[in-house]
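The structure file query38.txt is reproduced below (compact mmCIF, C-alpha atoms (C1' of nucleotides)).
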```txt
# COMPACT_ATOMS: atom_id res chain seq x y z
CA MET A 30 105.76 116.52 135.58
CA LYS A 31 106.44 115.41 139.12
CA ILE A 32 109.30 114.31 141.25
CA SER A 33 108.52 111.42 143.58
CA THR A 34 108.59 111.44 147.35
CA LYS A 35 112.14 110.11 147.11
CA GLY A 36 113.50 113.41 145.85
CA HIS A 37 111.04 115.42 147.88
CA TYR A 38 111.74 113.74 151.22
CA GLY A 39 115.43 113.38 150.40
CA VAL A 40 115.87 117.12 150.06
CA GLN A 41 113.94 117.70 153.28
CA ALA A 42 116.16 115.23 155.12
CA MET A 43 119.38 116.69 153.75
CA PHE A 44 118.17 120.18 154.62
CA ASP A 45 117.51 118.98 158.15
CA LEU A 46 121.06 117.57 158.37
CA ALA A 47 122.39 120.89 157.07
CA GLN A 48 120.51 122.77 159.76
CA HIS A 49 122.25 120.62 162.36
CA TYR A 50 125.63 120.57 160.65
CA GLY A 51 128.44 120.71 163.21
CA GLU A 52 126.38 119.07 165.96
CA GLY A 53 127.80 115.58 165.35
CA PRO A 54 125.78 112.64 164.07
CA ILE A 55 122.04 113.27 163.74
CA SER A 56 119.75 110.27 164.17
CA LEU A 57 117.27 109.45 161.45
CA LYS A 58 114.60 109.20 164.10
CA SER A 59 114.96 112.88 164.93
CA VAL A 60 115.04 113.87 161.27
CA ALA A 61 111.92 111.85 160.60
CA GLU A 62 110.13 113.39 163.56
CA ARG A 63 111.03 116.99 162.71
CA GLN A 64 110.16 116.55 159.05
CA GLY A 65 107.08 114.40 159.64
CA LEU A 66 108.28 111.44 157.59
CA SER A 67 108.35 107.67 158.04
CA GLU A 68 111.68 106.71 159.59
CA HIS A 69 111.81 103.33 157.88
CA TYR A 70 111.16 104.88 154.51
CA LEU A 71 113.77 107.58 155.08
CA GLU A 72 116.22 104.81 155.88
CA GLN A 73 115.95 103.56 152.33
CA LEU A 74 116.47 107.01 150.88
CA ILE A 75 119.45 107.86 153.03
CA ALA A 76 121.05 104.52 152.15
CA VAL A 77 121.12 105.71 148.55
CA LEU A 78 122.55 109.07 149.56
CA ARG A 79 125.22 107.35 151.62
CA LYS A 80 126.24 105.05 148.78
CA ALA A 81 126.48 108.11 146.56
CA GLY A 82 128.80 109.75 149.08
CA LEU A 83 126.57 112.65 150.09
CA VAL A 84 126.29 111.63 153.76
CA ARG A 85 128.42 109.67 156.20
CA SER A 86 126.95 107.41 158.86
CA VAL A 87 127.98 106.64 162.42
CA ARG A 88 126.67 103.35 163.74
CA GLY A 89 125.62 102.37 167.24
CA ALA A 90 123.98 104.30 170.04
CA GLN A 91 124.29 108.08 169.68
CA GLY A 92 125.05 107.43 166.03
CA GLY A 93 123.41 109.00 163.05
CA TYR A 94 124.20 110.83 159.84
CA ILE A 95 126.44 113.75 158.91
CA LEU A 96 126.72 115.58 155.61
CA ALA A 97 129.80 114.31 153.79
CA ARG A 98 130.59 117.82 152.52
CA GLN A 99 129.91 121.30 153.77
CA PRO A 100 126.36 122.59 153.20
CA ASP A 101 127.52 125.12 150.63
CA ASP A 102 129.11 122.34 148.62
CA ILE A 103 125.95 120.25 148.27
CA LYS A 104 123.42 121.42 145.71
CA VAL A 105 119.80 120.37 145.54
CA GLY A 106 120.61 119.04 142.07
CA ASP A 107 123.12 116.59 143.57
CA ILE A 108 120.43 115.13 145.82
CA ILE A 109 117.78 114.94 143.13
CA ARG A 110 120.07 113.25 140.63
CA VAL A 111 121.03 110.61 143.17
CA LEU A 112 117.46 109.85 144.25
CA GLU A 113 115.51 110.43 141.04
CA GLY A 114 118.10 109.63 138.40
CA PRO A 115 119.35 112.01 135.74
CA ILE A 116 117.30 115.12 135.16
CA ALA A 117 115.55 114.59 131.84
CA PRO A 118 111.89 115.43 131.22
CA VAL A 119 111.90 112.84 128.44
CA GLU A 120 114.37 110.01 127.94
CA CYS A 121 115.75 111.34 124.66
CA VAL A 122 117.39 114.32 126.36
CA ASN A 123 119.07 112.19 129.03
CA GLU A 124 122.68 113.32 129.00
CA GLU A 125 123.92 110.23 130.82
CA ASP A 126 122.38 107.85 128.36
CA ALA A 127 123.94 107.63 124.91
CA GLU A 128 121.02 105.78 123.39
CA GLN A 129 118.97 108.53 121.87
CA CYS A 130 116.32 108.99 119.22
CA HIS A 131 117.77 108.34 115.75
CA LYS A 132 116.46 111.65 114.44
CA ALA A 133 117.81 113.56 117.46
CA GLU A 134 119.78 115.98 115.29
CA SER A 135 116.79 117.50 113.61
CA CYS A 136 114.10 116.77 116.20
CA ILE A 137 112.37 119.99 117.08
CA THR A 138 110.34 118.75 120.04
CA ARG A 139 113.60 117.41 121.45
CA SER A 140 115.00 120.92 121.62
CA VAL A 141 111.99 121.91 123.72
CA TRP A 142 112.80 119.22 126.27
CA GLU A 143 116.44 120.25 126.25
CA LYS A 144 115.43 123.78 127.17
CA VAL A 145 113.22 122.47 129.96
CA ARG A 146 115.98 120.20 131.25
CA ASN A 147 118.52 123.02 131.21
CA SER A 148 116.25 125.38 133.09
CA ILE A 149 115.54 122.76 135.75
CA GLU A 150 119.24 121.99 136.09
CA ASP A 151 120.08 125.68 136.35
CA VAL A 152 117.70 126.11 139.25
CA LEU A 153 118.60 122.92 141.10
CA ASP A 154 122.33 123.40 140.68
CA SER A 155 122.16 127.01 141.82
CA ILE A 156 120.67 126.23 145.25
CA SER A 157 122.91 124.76 147.95
CA LEU A 158 121.87 123.44 151.34
CA ALA A 159 123.65 126.46 152.83
CA ASP A 160 121.41 128.75 150.76
CA MET A 161 118.37 127.00 152.16
CA CYS A 162 119.66 127.41 155.72
CA LYS A 163 120.17 131.12 155.10
CA ASP A 164 116.61 131.41 153.80
CA ALA A 165 115.35 129.59 156.87
CA GLU A 166 117.21 132.06 159.11
CA LYS A 167 115.70 134.98 157.21
CA ALA A 168 112.20 133.51 157.46
CA LYS A 169 112.68 133.06 161.20
CA MET A 170 113.89 136.64 161.65
CA ASN A 171 110.98 138.01 159.67
CA LYS A 172 108.60 136.08 161.84
CA ASN A 173 110.19 137.53 164.99
CA TYR A 174 110.09 141.00 163.47
CA TYR A 175 106.38 140.78 162.85
CA MET A 176 105.77 139.26 166.28
CA TYR A 177 107.47 142.25 167.86
CA TYR A 178 104.73 144.49 166.51
CA ILE A 179 101.80 142.35 167.53
CA MET B 19 111.47 114.14 136.93
CA LYS B 20 109.77 112.94 133.80
CA ILE B 21 106.79 113.75 131.71
CA SER B 22 104.89 110.74 130.40
CA THR B 23 104.36 109.77 126.80
CA LYS B 24 101.07 111.64 126.95
CA GLY B 25 102.75 115.00 127.06
CA HIS B 26 105.62 113.88 124.88
CA TYR B 27 103.48 112.44 122.08
CA GLY B 28 100.87 115.15 122.49
CA VAL B 29 103.37 117.88 121.72
CA GLN B 30 104.67 115.91 118.75
CA ALA B 31 101.16 115.52 117.38
CA MET B 32 100.27 119.18 117.89
CA PHE B 33 103.52 120.21 116.23
CA ASP B 34 102.61 117.98 113.29
CA LEU B 35 99.20 119.65 113.02
CA ALA B 36 100.92 123.04 113.16
CA GLN B 37 103.21 122.09 110.31
CA HIS B 38 100.12 121.28 108.22
CA TYR B 39 98.05 124.22 109.43
CA GLY B 40 95.97 125.64 106.59
CA GLU B 41 95.76 122.36 104.69
CA GLY B 42 92.34 121.41 106.04
CA PRO B 43 91.71 118.48 108.38
CA ILE B 44 94.72 116.21 108.98
CA SER B 45 93.98 112.56 109.71
CA LEU B 46 95.38 110.99 112.85
CA LYS B 47 96.63 108.13 110.72
CA SER B 48 98.98 110.44 108.85
CA VAL B 49 100.12 112.14 112.06
CA ALA B 50 100.81 108.76 113.66
CA GLU B 51 102.77 107.58 110.64
CA ARG B 52 104.90 110.69 110.33
CA GLN B 53 105.63 110.80 114.05
CA GLY B 54 106.00 107.05 114.47
CA LEU B 55 103.29 106.67 117.10
CA SER B 56 100.41 104.28 117.71
CA GLU B 57 97.29 105.69 116.10
CA HIS B 58 94.96 104.19 118.66
CA TYR B 59 96.95 105.64 121.51
CA LEU B 60 97.14 109.06 119.85
CA GLU B 61 93.35 108.92 119.56
CA GLN B 62 93.08 108.97 123.32
CA LEU B 63 95.43 111.86 123.68
CA ILE B 64 93.80 113.96 121.01
CA ALA B 65 90.39 113.34 122.57
CA VAL B 66 91.68 115.12 125.66
CA LEU B 67 93.09 117.97 123.57
CA ARG B 68 89.78 118.28 121.75
CA LYS B 69 87.75 118.41 124.96
CA ALA B 70 90.14 121.08 126.20
CA GLY B 71 89.47 123.12 123.06
CA LEU B 72 92.96 122.99 121.57
CA VAL B 73 91.93 121.13 118.40
CA ARG B 74 88.74 120.81 116.35
CA SER B 75 87.75 117.59 114.64
CA VAL B 76 86.05 116.85 111.33
CA ARG B 77 84.36 113.48 111.21
CA GLY B 78 83.93 111.08 108.31
CA ALA B 79 86.11 110.29 105.31
CA GLN B 80 88.66 113.01 104.53
CA GLY B 81 88.13 114.16 108.07
CA GLY B 82 90.76 114.79 110.67
CA TYR B 83 91.95 117.39 113.10
CA ILE B 84 92.74 121.10 112.87
CA LEU B 85 94.32 123.34 115.49
CA ALA B 86 91.57 125.34 117.17
CA ARG B 87 93.78 128.45 117.30
CA GLN B 88 96.63 129.74 115.22
CA PRO B 89 100.01 128.08 115.85
CA ASP B 90 101.44 131.23 117.42
CA ASP B 91 98.57 131.23 119.92
CA ILE B 92 99.19 127.72 121.25
CA LYS B 93 102.07 127.30 123.65
CA VAL B 94 103.72 124.03 124.59
CA GLY B 95 102.64 124.78 128.16
CA ASP B 96 98.98 124.70 127.10
CA ILE B 97 99.41 121.20 125.71
CA ILE B 98 101.39 119.88 128.66
CA ARG B 99 98.94 121.23 131.22
CA VAL B 100 96.02 119.58 129.43
CA LEU B 101 97.70 116.18 129.08
CA GLU B 102 99.83 116.03 132.21
CA GLY B 103 97.87 118.15 134.63
CA PRO B 104 99.12 121.30 136.32
CA ILE B 105 102.84 121.91 136.26
CA ALA B 106 104.03 121.22 139.79
CA PRO B 107 107.18 119.23 140.61
CA VAL B 108 105.63 118.40 143.98
CA GLU B 109 101.96 118.59 144.92
CA CYS B 110 102.42 121.36 147.48
CA VAL B 111 103.30 123.94 144.81
CA ASN B 112 100.29 123.09 142.65
CA GLU B 113 98.71 126.45 141.90
CA GLU B 114 95.37 124.95 140.91
CA ASP B 115 94.98 123.03 144.12
CA ALA B 116 94.24 125.00 147.25
CA GLU B 117 95.02 122.14 149.62
CA GLN B 118 98.60 122.78 150.57
CA CYS B 119 101.02 121.84 153.29
CA HIS B 120 100.04 123.46 156.58
CA LYS B 121 103.50 124.92 157.06
CA ALA B 122 103.60 126.25 153.49
CA GLU B 123 104.37 129.81 154.58
CA SER B 124 107.68 129.03 156.15
CA CYS B 125 108.63 125.86 154.27
CA ILE B 126 112.03 126.34 152.73
CA THR B 127 112.07 123.25 150.52
CA ARG B 128 108.74 124.40 149.15
CA SER B 129 110.36 127.56 147.82
CA VAL B 130 112.84 125.39 145.92
CA TRP B 131 109.99 123.60 144.15
CA GLU B 132 108.34 126.91 143.41
CA LYS B 133 111.47 128.10 141.66
CA VAL B 134 111.64 124.88 139.67
CA ARG B 135 107.97 125.15 138.74
CA ASN B 136 108.36 128.75 137.64
CA SER B 137 111.35 128.03 135.49
CA ILE B 138 109.56 125.14 133.78
CA GLU B 139 106.49 127.29 133.20
CA ASP B 140 108.61 130.10 131.81
CA VAL B 141 110.14 127.81 129.23
CA LEU B 142 106.96 125.97 128.26
CA ASP B 143 104.88 129.13 128.03
CA SER B 144 107.50 130.92 125.95
CA ILE B 145 107.48 128.37 123.11
CA SER B 146 104.57 128.36 120.66
CA LEU B 147 103.87 125.82 117.95
CA ALA B 148 104.70 128.58 115.46
CA ASP B 149 108.14 128.94 117.07
CA MET B 150 108.70 125.23 116.62
CA CYS B 151 107.68 125.44 112.95
CA LYS B 152 110.14 128.28 112.43
CA ASP B 153 112.91 126.22 114.04
CA ALA B 154 112.02 123.30 111.80
CA GLU B 155 112.31 125.56 108.75
CA LYS B 156 115.69 126.78 109.91
CA ALA B 157 116.93 123.23 110.57
CA LYS B 158 115.81 122.26 107.09
CA MET B 159 117.58 125.22 105.47
CA ASN B 160 120.79 124.49 107.37
CA LYS B 161 120.67 120.94 106.13
CA ASN B 162 120.26 122.13 102.53
CA TYR B 163 123.06 124.62 103.01
CA TYR B 164 125.47 121.95 104.14
CA MET B 165 124.36 119.61 101.38
CA TYR B 166 125.20 122.28 98.83
CA TYR B 167 128.85 122.11 99.82
CA ILE B 168 129.15 118.34 99.81
C1' DT C 17 73.58 104.16 97.54
C1' DT C 18 77.19 101.64 98.76
C1' DT C 19 81.93 101.76 100.31
C1' DA C 20 85.84 103.37 102.44
C1' DA C 21 87.83 106.46 105.49
C1' DT C 22 87.66 108.50 109.35
C1' DT C 23 86.39 110.11 114.26
C1' DC C 24 84.51 108.57 118.60
C1' DC C 25 83.76 105.51 122.58
C1' DT C 26 84.38 101.87 126.18
C1' DA C 27 86.83 98.49 128.12
C1' DG C 28 90.71 95.50 129.21
C1' DT C 29 95.53 94.55 130.57
C1' DA C 30 100.38 93.35 131.46
C1' DG C 31 103.93 95.48 133.44
C1' DT C 32 106.07 99.02 136.24
C1' DT C 33 106.40 102.22 139.84
C1' DT C 34 105.29 104.22 144.24
C1' DA C 35 105.27 104.61 148.89
C1' DC C 36 105.52 102.48 152.03
C1' DT C 37 105.55 98.34 156.02
C1' DT C 38 107.50 94.26 158.31
C1' DG C 39 110.80 92.03 160.64
C1' DG C 40 114.75 91.44 161.48
C1' DT C 41 120.63 91.74 162.23
C1' DA C 42 124.87 94.31 163.38
C1' DT C 43 127.20 97.80 165.88
C1' DT C 44 128.41 100.87 169.52
C1' DC C 45 127.74 104.04 173.44
C1' DT C 46 126.56 104.17 178.38
C1' DA D 30 123.99 94.10 179.82
C1' DG D 31 120.96 97.07 177.64
C1' DA D 32 119.48 100.66 174.83
C1' DA D 33 119.96 103.17 170.81
C1' DT D 34 121.07 103.34 166.66
C1' DA D 35 122.44 102.03 161.63
C1' DC D 36 121.86 98.41 158.18
C1' DC D 37 119.48 94.94 155.30
C1' DA D 38 115.93 92.09 152.61
C1' DA D 39 111.57 91.21 151.37
C1' DG D 40 106.68 91.92 150.78
C1' DT D 41 102.58 94.62 149.19
C1' DA D 42 98.45 97.29 147.97
C1' DA D 43 97.36 100.73 145.03
C1' DA D 44 98.08 103.61 141.33
C1' DC D 45 99.88 104.58 136.95
C1' DT D 46 101.66 103.76 132.22
C1' DA D 47 101.38 102.72 127.70
C1' DC D 48 99.17 100.61 125.30
C1' DT D 49 95.61 97.09 122.62
C1' DA D 50 90.91 95.40 121.18
C1' DG D 51 86.73 95.94 119.23
C1' DG D 52 83.32 98.27 117.56
C1' DA D 53 79.67 102.30 116.65
C1' DA D 54 78.77 106.74 114.32
C1' DT D 55 79.63 109.91 110.63
C1' DT D 56 80.66 111.56 106.10
C1' DA D 57 83.03 112.16 101.46
C1' DA D 58 83.61 109.96 97.29
C1' DA D 59 82.74 106.26 93.87
```
Take the structure I supplied and represent it as structure tokens, if you would.
Amino acid sequence: MKISTKGHYGVQAMFDLAQHYGEGPISLKSVAERQGLSEHYLEQLIAVLRKAGLVRSVRGAQGGYILARQPDDIKVGDIIRVLEGPIAPVECVNEEDAEQCHKAESCITRSVWEKVRNSIEDVLDSISLADMCKDAEKAKMNKNYYMYYI
Amino acid sequence: MKISTKGHYGVQAMFDLAQHYGEGPISLKSVAERQGLSEHYLEQLIAVLRKAGLVRSVRGAQGGYILARQPDDIKVGDIIRVLEGPIAPVECVNEEDAEQCHKAESCITRSVWEKVRNSIEDVLDSISLADMCKDAEKAKMNKNYYMYYI
DNA sequence: TTTAATTCCTAGTAGTTTACTTGGTATTCT
DNA sequence: AGAATACCAAGTAAACTACTAGGAATTAAA
């Protein structure tokens, strides 16, 4: 019951781009450094995100990547679906794949996986990159607050 | 974002045992036939469930397996955790593993995975084998109801 | 007491996936 | 021109998946 590093790193990278939204193109090198990830590996992930239309790229020196939409219009679910494929704990509840178990109608275990899928989707589609940035701001302020009293 | 066939088949097998709870030991052969699974492969899964104390076995002819607790006392989450390991979409929110990311406190993406983990756990721990049996009964009655009118 | 049915155990295995690394080429700013 | 970047293709070691194969131990029933 895991997501791979693709989805994991992908969300980190997109969050990083959101935190620098409005500052022009952000180089992958800087993202990789801040997030502690392999730049070459990130390259492969961001290529997928670009082809899916979630980021735009600017080539050449001083180039980099920019979110294709505003941070509040990109949900974590969008990123995960692009990098990990459709959210479906087992194949037979994959909404994007018509080919399902022949006894799907009456399959009771199937309804369990549907509930799991729906709850995952609810969470992932309820959190935008803007939400994450807000949380990061809050965490930072809390830290300063506590530091004030030390 | 998938569970493997271990968890998938394991839940199917346990549900099958629940549906025959009270009928004495149920042979793996019959479970495998009803559920359309490889008996030899199921053997490996049920061995894990037995070692974890979720089923008891009876050896020899007319032997088989029996749920170790009543169907309403076994949750889908119990089965999944035994067969798939702890529920954690990424390793850094694994509750049973102390070794976590050094910046865990302030990691914003981490809190996303925590929310996902919690929602999965909520669903899986809210559904018992008895619940699934009740749903199966209902599905069966609905089918009969519709057949009556055809 | 034999036989058949069953659980239990160990090992092998082909294929897939993961998480990268390597080694470039193309583009653009300075 | 040179440096900084995006873009691209291929390779790879290790782990994992979903089984299969083959047999030993146990027990109810004939």
For region 46-53 of chain D, I'd like the enclosing box, axis-aligned and padded by 5 Å on every side, reported as lines of an AutoDock Vina configuration file with centre and edge lengths in Å to one decimal.
```
center_x = 90.7
center_y = 99.6
center_z = 124.4
size_x = 32.0
size_y = 18.4
size_z = 25.6
```
Quick one: contact table of chain B to chain D, 9 Å max, nearest atom pair and distance in Å to one decimal per residue, counting all atoms listed in the file, chain and number order, as CSV?
```
residue,atom,partner,partner_atom,distance
B:Ser22,CA,D:DT46,C1',7.9
B:Thr23,CA,D:DA47,C1',7.7
B:Lys24,CA,D:DA47,C1',9.0
B:Ser56,CA,D:DC48,C1',8.5
B:His58,CA,D:DT49,C1',8.2
B:Tyr59,CA,D:DC48,C1',6.7
B:Arg77,CA,D:DT55,C1',6.0
B:Gly78,CA,D:DT56,C1',4.0
B:Ala79,CA,D:DA57,C1',5.3
B:Gln80,CA,D:DA57,C1',6.5
B:Gly81,CA,D:DT56,C1',8.2
```
| note | Pairwise distance, CA of Ala117 (chain A) with CA of Gly28 (chain B), equals 17.4 Å
| query | What is the CA of Ile64 (chain B) to CA of Val29 (chain B) distance in Å? | reply | 10.4 Å
Closest-contact table, chain C side, partner chain A, 6 Å, counting only C-alpha atoms (C1' of nucleotides), as a Markdown table:
```
| residue | atom | partner | partner_atom | distance |
| --- | --- | --- | --- | --- |
| C:DT43 | C1' | A:Gly89 | CA | 5.0 |
| C:DT44 | C1' | A:Gly89 | CA | 3.9 |
| C:DC45 | C1' | A:Ala90 | CA | 5.1 |
```
| request: Pick out the closest residue to chain A from this set: B:Arg87, B:Arg74, B:His38, B:Lys93. Count all atoms listed in the file. | output: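 Under the stated criterion, the closest residue is B:Lys93.
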| query | What is the CA of Lys47 (chain B)-CA of Phe33 (chain B) distance in Å, reported with one decimal? | reply |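 We find that CA of Lys47 (chain B) and CA of Phe33 (chain B) lie 15.0 Å from each other.
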| field | Residue list for chain B near chain A as a ChimeraX atom specification, 9 Å, all atoms listed in the file | value | /B:19-23,26,29-30,33,94,98,102-109,124-127,130,133-135,137-139,141-142,145,150-151,153-154,157-158
| Top pick for closest residue to DA21 (chain C), considering B:Gly54, B:Gly40, B:Gly71, B:Gly82 and counting only C-alpha atoms (C1' of nucleotides) |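 Looking only at the distances to DA21 (chain C), the closest residue turns out to be B:Gly82.
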